[in-house]
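One structure is given here, and the rest of the page talks about it.
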Amino acid sequence: LERWILPSTLEWLREGDAKRAAIQAEIDEDEAGYANFLFSQEEKLRGLENERGEQEPAAGREVFRWSSSRSNPDGFSGPISASRSKEDGAVNIIYVLNGESLAGFGDQVWASSRHISQCLADASVCCEILGEEASSSSSTHPLLGKTFLELGAGAGVPSWTALNCGARVVCTDQAVTDRVRSMAESVQLNYEEMMKNEFAEDDKRLIYAAKARVCPYDWGTSIDEITEALGDDAERFDIIVAADCVFKPWLHDALLSSIDMALSPTGIAFLPFGLHGNTKDEDVWSIAGKAKERGLKVTKLEPKQLTPQKTCMDAKQALVHTIRLSR
């Protein structure tokens with residue numbers, strides 16, 4: 001996975017592996033202390049803090065396939081063994097989840113992630129939300145060659161959708177080694193699938209996909225690593241997506257700070273989200289006012305009802321609202 005990450009990220013991952021191996025060796029040596037393992041050492045393993053202060057999750061891995069669809073608002077998701085969608089215009093992607101992640105809620109695909117991915121996959125809808133005029137004579141996807149940043153990616157479904165459509169992707173999430181490793185593996189699996197399917201070797205989408213990068217990033221901090229990951233002459237992003245990242249109002253300022261720093265002068269940021277009831281709805285919506293205070297133009301897109309990913313969830317949590325930000 002080295003080609004998809006920066007050298008500093010590789011070193012950070014190796015240090016995390018070494019720490020985990022040391023703790024596991026300590027556990028294995030104490031066979032008589034099984035109860036202590038259950039109630040103390042396992043907690044130590046799961047609560048291992050890296051130098052950035054976040055918790056490291058336990059290991060776990062599941063691989064899935066998701067396909068966009070013009071007939072099903074949710075798209076289609078299933079295990080990696082599921083067949084690729086043959087629906088006309090469908091974008092087929094692969095994503096890897098760390099099923100035992102303890103950090104945040106990135107171990108599942110939320111409705112907002114599915115919805116923005118659907119919008120990105122459909123060239124005409126993508127043009128519409130970007131404010132571009134669709135060309136009936138061009139077969140080029142509007143994402144081709146555009147620089148694309150995802151914040152708080154989790155499974156990274158929007159990133160891998162953009163990757164398949166020809167964007168130059170930088171996918172980020174909080175500094176949790178298993179999460180970042182899963183994202184890097186997702187890039188590799190999608191790139192391999194692009195190589196063996198309908199993409200010719202000289203296809204520009206494949207050329208841009210080879211430039212994709214994954215890196216850990218904490219909102220509100222310097223974007224130096226992100227711009228380094230972008231490489232070439234580009235310094236800012238044409239498109240930024242932060243799907244279901246606004247449900248904690250106390251993080252709004254940090255999130256908006258990152259968007260403000262990373263967004264190009266002509267760029268567009270999308271904040272799709274559901275209202276989960278963890279705090280007052282008006283507090284979640286307050287991010288729109290905070291964005292205006294920063295001089296960003298705010299547009300509210302038409303909401304879309306999707307299916308909650310769990311039966312215990314309210315339909316309201318899968319009613320996706322989208323805030324569009326621009327300069």
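For the structure tokens, the naming scheme is as follows: chains receive sequential letters (A, B, ...) according to their order of presentation, residues are indexed from 1 within each chain, and ligands are indexed from 1 in presentation order.
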What parts of stretch 74-164 of chain A does DSSP call alpha helix (DSSP H)? I'd like the answer as an mmCIF file with all heavy atoms, in the first residue's frame.
data_model
loop_
_atom_site.group_PDB
_atom_site.id
_atom_site.type_symbol
_atom_site.label_atom_id
_atom_site.label_comp_id
_atom_site.auth_asym_id
_atom_site.auth_seq_id
_atom_site.Cartn_x
_atom_site.Cartn_y
_atom_site.Cartn_z
ATOM 1 N N ALA A 111 -26.247 7.194 4.987
ATOM 2 C CA ALA A 111 -27.087 7.602 3.853
ATOM 3 C C ALA A 111 -26.503 8.806 3.131
ATOM 4 O O ALA A 111 -26.556 8.885 1.899
ATOM 5 C CB ALA A 111 -28.506 7.917 4.347
ATOM 6 N N SER A 112 -25.941 9.745 3.871
ATOM 7 C CA SER A 112 -25.380 10.947 3.236
ATOM 8 C C SER A 112 -24.226 10.594 2.308
ATOM 9 O O SER A 112 -24.053 11.212 1.253
ATOM 10 C CB SER A 112 -24.921 11.940 4.307
ATOM 11 O OG SER A 112 -23.979 11.326 5.167
ATOM 12 N N SER A 113 -23.430 9.611 2.688
ATOM 13 C CA SER A 113 -22.322 9.164 1.858
ATOM 14 C C SER A 113 -22.838 8.515 0.580
ATOM 15 O O SER A 113 -22.306 8.753 -0.518
ATOM 16 C CB SER A 113 -21.445 8.185 2.647
ATOM 17 O OG SER A 113 -20.351 7.755 1.884
ATOM 18 N N ARG A 114 -23.863 7.695 0.721
ATOM 19 C CA ARG A 114 -24.447 7.046 -0.449
ATOM 20 C C ARG A 114 -25.063 8.084 -1.397
ATOM 21 O O ARG A 114 -24.916 8.006 -2.620
ATOM 22 C CB ARG A 114 -25.503 6.025 -0.028
ATOM 23 C CG ARG A 114 -24.924 4.743 0.543
ATOM 24 C CD ARG A 114 -26.013 3.792 1.014
ATOM 25 N NE ARG A 114 -26.346 4.025 2.418
ATOM 26 C CZ ARG A 114 -27.575 4.080 2.909
ATOM 27 N NH1 ARG A 114 -28.616 3.944 2.097
ATOM 28 N NH2 ARG A 114 -27.786 4.272 4.189
ATOM 29 N N HIS A 115 -25.744 9.076 -0.811
ATOM 30 C CA HIS A 115 -26.434 10.075 -1.639
ATOM 31 C C HIS A 115 -25.457 10.930 -2.436
ATOM 32 O O HIS A 115 -25.623 11.097 -3.655
ATOM 33 C CB HIS A 115 -27.297 10.973 -0.751
ATOM 34 C CG HIS A 115 -27.919 12.110 -1.503
ATOM 35 N ND1 HIS A 115 -28.791 11.919 -2.554
ATOM 36 C CD2 HIS A 115 -27.764 13.473 -1.385
ATOM 37 C CE1 HIS A 115 -29.168 13.094 -3.041
ATOM 38 N NE2 HIS A 115 -28.554 14.043 -2.354
ATOM 39 N N ILE A 116 -24.422 11.452 -1.793
ATOM 40 C CA ILE A 116 -23.481 12.305 -2.535
ATOM 41 C C ILE A 116 -22.713 11.471 -3.560
ATOM 42 O O ILE A 116 -22.375 11.968 -4.644
ATOM 43 C CB ILE A 116 -22.521 13.046 -1.570
ATOM 44 C CG1 ILE A 116 -21.778 14.166 -2.307
ATOM 45 C CG2 ILE A 116 -21.546 12.096 -0.904
ATOM 46 C CD1 ILE A 116 -22.663 15.274 -2.819
ATOM 47 N N SER A 117 -22.496 10.200 -3.261
ATOM 48 C CA SER A 117 -21.832 9.321 -4.228
ATOM 49 C C SER A 117 -22.720 9.109 -5.458
ATOM 50 O O SER A 117 -22.222 9.080 -6.598
ATOM 51 C CB SER A 117 -21.487 7.975 -3.582
ATOM 52 O OG SER A 117 -20.583 8.149 -2.514
ATOM 53 N N GLN A 118 -24.019 8.955 -5.230
ATOM 54 C CA GLN A 118 -24.958 8.849 -6.349
ATOM 55 C C GLN A 118 -24.905 10.105 -7.217
ATOM 56 O O GLN A 118 -24.887 10.032 -8.447
ATOM 57 C CB GLN A 118 -26.383 8.674 -5.810
ATOM 58 C CG GLN A 118 -26.653 7.334 -5.173
ATOM 59 C CD GLN A 118 -27.173 6.326 -6.186
ATOM 60 O OE1 GLN A 118 -26.527 6.033 -7.191
ATOM 61 N NE2 GLN A 118 -28.337 5.775 -5.923
ATOM 62 N N CYS A 119 -24.870 11.270 -6.567
ATOM 63 C CA CYS A 119 -24.831 12.536 -7.300
ATOM 64 C C CYS A 119 -23.542 12.669 -8.105
ATOM 65 O O CYS A 119 -23.551 13.153 -9.238
ATOM 66 C CB CYS A 119 -24.949 13.711 -6.324
ATOM 67 S SG CYS A 119 -26.542 13.830 -5.486
ATOM 68 N N LEU A 120 -22.432 12.239 -7.523
ATOM 69 C CA LEU A 120 -21.151 12.324 -8.217
ATOM 70 C C LEU A 120 -21.079 11.349 -9.387
ATOM 71 O O LEU A 120 -20.498 11.658 -10.430
ATOM 72 C CB LEU A 120 -20.011 12.028 -7.239
ATOM 73 C CG LEU A 120 -19.806 13.013 -6.083
ATOM 74 C CD1 LEU A 120 -18.773 12.463 -5.110
ATOM 75 C CD2 LEU A 120 -19.401 14.383 -6.583
ATOM 76 N N ALA A 121 -21.668 10.167 -9.226
ATOM 77 C CA ALA A 121 -21.576 9.117 -10.247
ATOM 78 C C ALA A 121 -22.330 9.478 -11.521
ATOM 79 O O ALA A 121 -21.873 9.177 -12.632
ATOM 80 C CB ALA A 121 -22.096 7.797 -9.680
ATOM 81 N N ALA A 123 -23.245 11.762 -14.314
ATOM 82 C CA ALA A 123 -22.585 12.929 -14.897
ATOM 83 C C ALA A 123 -23.499 14.141 -14.976
ATOM 84 O O ALA A 123 -23.075 15.269 -14.688
ATOM 85 C CB ALA A 123 -22.050 12.580 -16.289
ATOM 86 N N SER A 124 -24.760 13.943 -15.333
ATOM 87 C CA SER A 124 -25.673 15.078 -15.473
ATOM 88 C C SER A 124 -26.010 15.689 -14.119
ATOM 89 O O SER A 124 -26.056 16.914 -13.975
ATOM 90 C CB SER A 124 -26.952 14.653 -16.196
ATOM 91 O OG SER A 124 -27.630 13.630 -15.475
ATOM 92 N N VAL A 125 -26.226 14.842 -13.105
ATOM 93 C CA VAL A 125 -26.500 15.342 -11.764
ATOM 94 C C VAL A 125 -25.266 16.031 -11.193
ATOM 95 O O VAL A 125 -25.361 17.075 -10.533
ATOM 96 C CB VAL A 125 -26.958 14.199 -10.830
ATOM 97 C CG1 VAL A 125 -27.145 14.709 -9.402
ATOM 98 C CG2 VAL A 125 -28.253 13.571 -11.344
ATOM 99 N N CYS A 126 -24.103 15.451 -11.464
ATOM 100 C CA CYS A 126 -22.851 16.029 -10.999
ATOM 101 C C CYS A 126 -22.667 17.430 -11.575
ATOM 102 O O CYS A 126 -22.294 18.372 -10.848
ATOM 103 C CB CYS A 126 -21.689 15.125 -11.380
ATOM 104 S SG CYS A 126 -20.110 15.614 -10.666
ATOM 105 N N CYS A 127 -22.918 17.595 -12.849
ATOM 106 C CA CYS A 127 -22.848 18.924 -13.476
ATOM 107 C C CYS A 127 -23.800 19.891 -12.786
ATOM 108 O O CYS A 127 -23.457 21.055 -12.525
ATOM 109 C CB CYS A 127 -23.190 18.831 -14.958
ATOM 110 S SG CYS A 127 -21.856 18.238 -16.008
ATOM 111 N N GLU A 128 -24.998 19.408 -12.488
ATOM 112 C CA GLU A 128 -26.016 20.260 -11.869
ATOM 113 C C GLU A 128 -25.577 20.774 -10.502
ATOM 114 O O GLU A 128 -25.681 21.964 -10.201
ATOM 115 C CB GLU A 128 -27.327 19.478 -11.748
ATOM 116 C CG GLU A 128 -28.465 20.281 -11.152
ATOM 117 C CD GLU A 128 -29.745 19.469 -11.020
ATOM 118 O OE1 GLU A 128 -29.846 18.401 -11.651
ATOM 119 O OE2 GLU A 128 -30.644 19.901 -10.268
ATOM 120 N N ILE A 129 -25.074 19.880 -9.639
ATOM 121 C CA ILE A 129 -24.710 20.312 -8.295
ATOM 122 C C ILE A 129 -23.414 21.126 -8.298
ATOM 123 O O ILE A 129 -23.176 21.932 -7.383
ATOM 124 C CB ILE A 129 -24.602 19.128 -7.316
ATOM 125 C CG1 ILE A 129 -23.463 18.180 -7.693
ATOM 126 C CG2 ILE A 129 -25.938 18.393 -7.215
ATOM 127 C CD1 ILE A 129 -23.219 17.081 -6.674
ATOM 128 N N LEU A 130 -22.583 20.945 -9.333
ATOM 129 C CA LEU A 130 -21.369 21.743 -9.460
ATOM 130 C C LEU A 130 -21.644 23.107 -10.084
ATOM 131 O O LEU A 130 -20.778 23.986 -10.081
ATOM 132 C CB LEU A 130 -20.327 21.011 -10.303
ATOM 133 C CG LEU A 130 -19.666 19.779 -9.677
ATOM 134 C CD1 LEU A 130 -18.740 19.107 -10.688
ATOM 135 C CD2 LEU A 130 -18.901 20.146 -8.418
ATOM 136 N N VAL A 157 -16.648 6.010 0.404
ATOM 137 C CA VAL A 157 -17.420 5.709 -0.811
ATOM 138 C C VAL A 157 -17.440 6.896 -1.791
ATOM 139 O O VAL A 157 -17.250 6.698 -3.007
ATOM 140 C CB VAL A 157 -18.844 5.243 -0.449
ATOM 141 C CG1 VAL A 157 -19.716 5.114 -1.693
ATOM 142 C CG2 VAL A 157 -18.780 3.897 0.278
ATOM 143 N N PRO A 158 -17.625 8.150 -1.333
ATOM 144 C CA PRO A 158 -17.544 9.266 -2.296
ATOM 145 C C PRO A 158 -16.176 9.370 -2.960
ATOM 146 O O PRO A 158 -16.085 9.675 -4.156
ATOM 147 C CB PRO A 158 -17.841 10.493 -1.423
ATOM 148 C CG PRO A 158 -18.641 9.971 -0.278
ATOM 149 C CD PRO A 158 -18.065 8.619 -0.001
ATOM 150 N N SER A 159 -15.107 9.119 -2.207
ATOM 151 C CA SER A 159 -13.757 9.195 -2.781
ATOM 152 C C SER A 159 -13.564 8.166 -3.877
ATOM 153 O O SER A 159 -13.022 8.478 -4.954
ATOM 154 C CB SER A 159 -12.701 8.968 -1.686
ATOM 155 O OG SER A 159 -12.574 10.078 -0.839
ATOM 156 N N TRP A 160 -13.989 6.930 -3.640
ATOM 157 C CA TRP A 160 -13.765 5.869 -4.634
ATOM 158 C C TRP A 160 -14.681 6.054 -5.834
ATOM 159 O O TRP A 160 -14.330 5.663 -6.948
ATOM 160 C CB TRP A 160 -13.930 4.491 -3.999
ATOM 161 C CG TRP A 160 -13.357 4.407 -2.618
ATOM 162 C CD1 TRP A 160 -13.898 3.791 -1.518
ATOM 163 C CD2 TRP A 160 -12.104 4.966 -2.152
ATOM 164 N NE1 TRP A 160 -13.102 3.936 -0.423
ATOM 165 C CE2 TRP A 160 -11.989 4.659 -0.774
ATOM 166 C CE3 TRP A 160 -11.103 5.705 -2.761
ATOM 167 C CZ2 TRP A 160 -10.909 5.057 -0.003
ATOM 168 C CZ3 TRP A 160 -10.012 6.125 -1.984
ATOM 169 C CH2 TRP A 160 -9.919 5.787 -0.632
ATOM 170 N N THR A 161 -15.845 6.670 -5.616
ATOM 171 C CA THR A 161 -16.713 7.023 -6.743
ATOM 172 C C THR A 161 -16.038 8.074 -7.612
ATOM 173 O O THR A 161 -15.977 7.945 -8.839
ATOM 174 C CB THR A 161 -18.064 7.549 -6.224
ATOM 175 O OG1 THR A 161 -18.694 6.548 -5.409
ATOM 176 C CG2 THR A 161 -18.989 7.906 -7.379
ATOM 177 N N ALA A 162 -15.506 9.125 -6.961
ATOM 178 C CA ALA A 162 -14.803 10.180 -7.697
ATOM 179 C C ALA A 162 -13.580 9.622 -8.418
ATOM 180 O O ALA A 162 -13.269 10.009 -9.545
ATOM 181 C CB ALA A 162 -14.403 11.298 -6.735
ATOM 182 N N LEU A 163 -12.887 8.696 -7.761
ATOM 183 C CA LEU A 163 -11.710 8.057 -8.357
ATOM 184 C C LEU A 163 -12.080 7.381 -9.669
ATOM 185 O O LEU A 163 -11.392 7.538 -10.686
ATOM 186 C CB LEU A 163 -11.155 7.015 -7.375
ATOM 187 C CG LEU A 163 -9.885 6.287 -7.777
ATOM 188 C CD1 LEU A 163 -8.661 7.095 -7.377
ATOM 189 C CD2 LEU A 163 -9.820 4.898 -7.124
ATOM 190 N N ASN A 164 -13.172 6.632 -9.669
ATOM 191 C CA ASN A 164 -13.621 5.923 -10.867
ATOM 192 C C ASN A 164 -14.106 6.860 -11.962
ATOM 193 O O ASN A 164 -14.158 6.470 -13.130
ATOM 194 C CB ASN A 164 -14.731 4.932 -10.503
ATOM 195 C CG ASN A 164 -14.207 3.588 -10.055
ATOM 196 O OD1 ASN A 164 -14.106 2.655 -10.845
ATOM 197 N ND2 ASN A 164 -13.849 3.480 -8.779
#
Discussion item. Env of A:Met195: 12 Å cut, atoms = only C-alpha atoms, seq-sep filter 4 positions within chain, self excluded. Answer as an MDAnalysis selection string.
Written reply: chainID A and resid 164 188:191 199:203 205:207 209:210
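Atom CA of A:Arg84 is positioned 28.2 Å from atom CA of A:Met313.
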Practice prompt. Do a neighbour search on stretch 297-301 of chain A at 6 Å with only C-alpha atoms, toss out local chain neighbours closer than 4 positions, and write the hits as number ranges by chain.
Written response: A: 322-327
So that I have them on file, write out the residues from the current selection with C-alpha atoms, as a PDB file, in the first residue's frame.
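Saved to selection-v8.pdb:
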ATOM      1  CA  THR A 322     -26.920  18.927   1.575  1.00  0.00           C
ATOM      2  CA  ILE A 323     -25.224  22.272   2.112  1.00  0.00           C
ATOM      3  CA  ARG A 324     -23.182  23.540  -0.841  1.00  0.00           C
ATOM      4  CA  LEU A 325     -20.348  25.962  -0.059  1.00  0.00           C
ATOM      5  CA  SER A 326     -18.446  28.180  -2.495  1.00  0.00           C
ATOM      6  CA  ARG A 327     -16.395  31.376  -2.438  1.00  0.00           C
TER       7      ARG A 327
END
Worksheet item: Can you tell me, as a ChimeraX atom specification, what residues are no more than 7 Å from A:Leu306 when counting only C-alpha atoms, ignoring any on the same chain fewer than 5 positions away?
Response: /A:73-74,111,318-319
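Counting only C-alpha atoms and comparing A:Ile94, A:Ala82, A:Cys215, A:Leu251, the residue that lies closest to A:Ser8 is A:Cys215.
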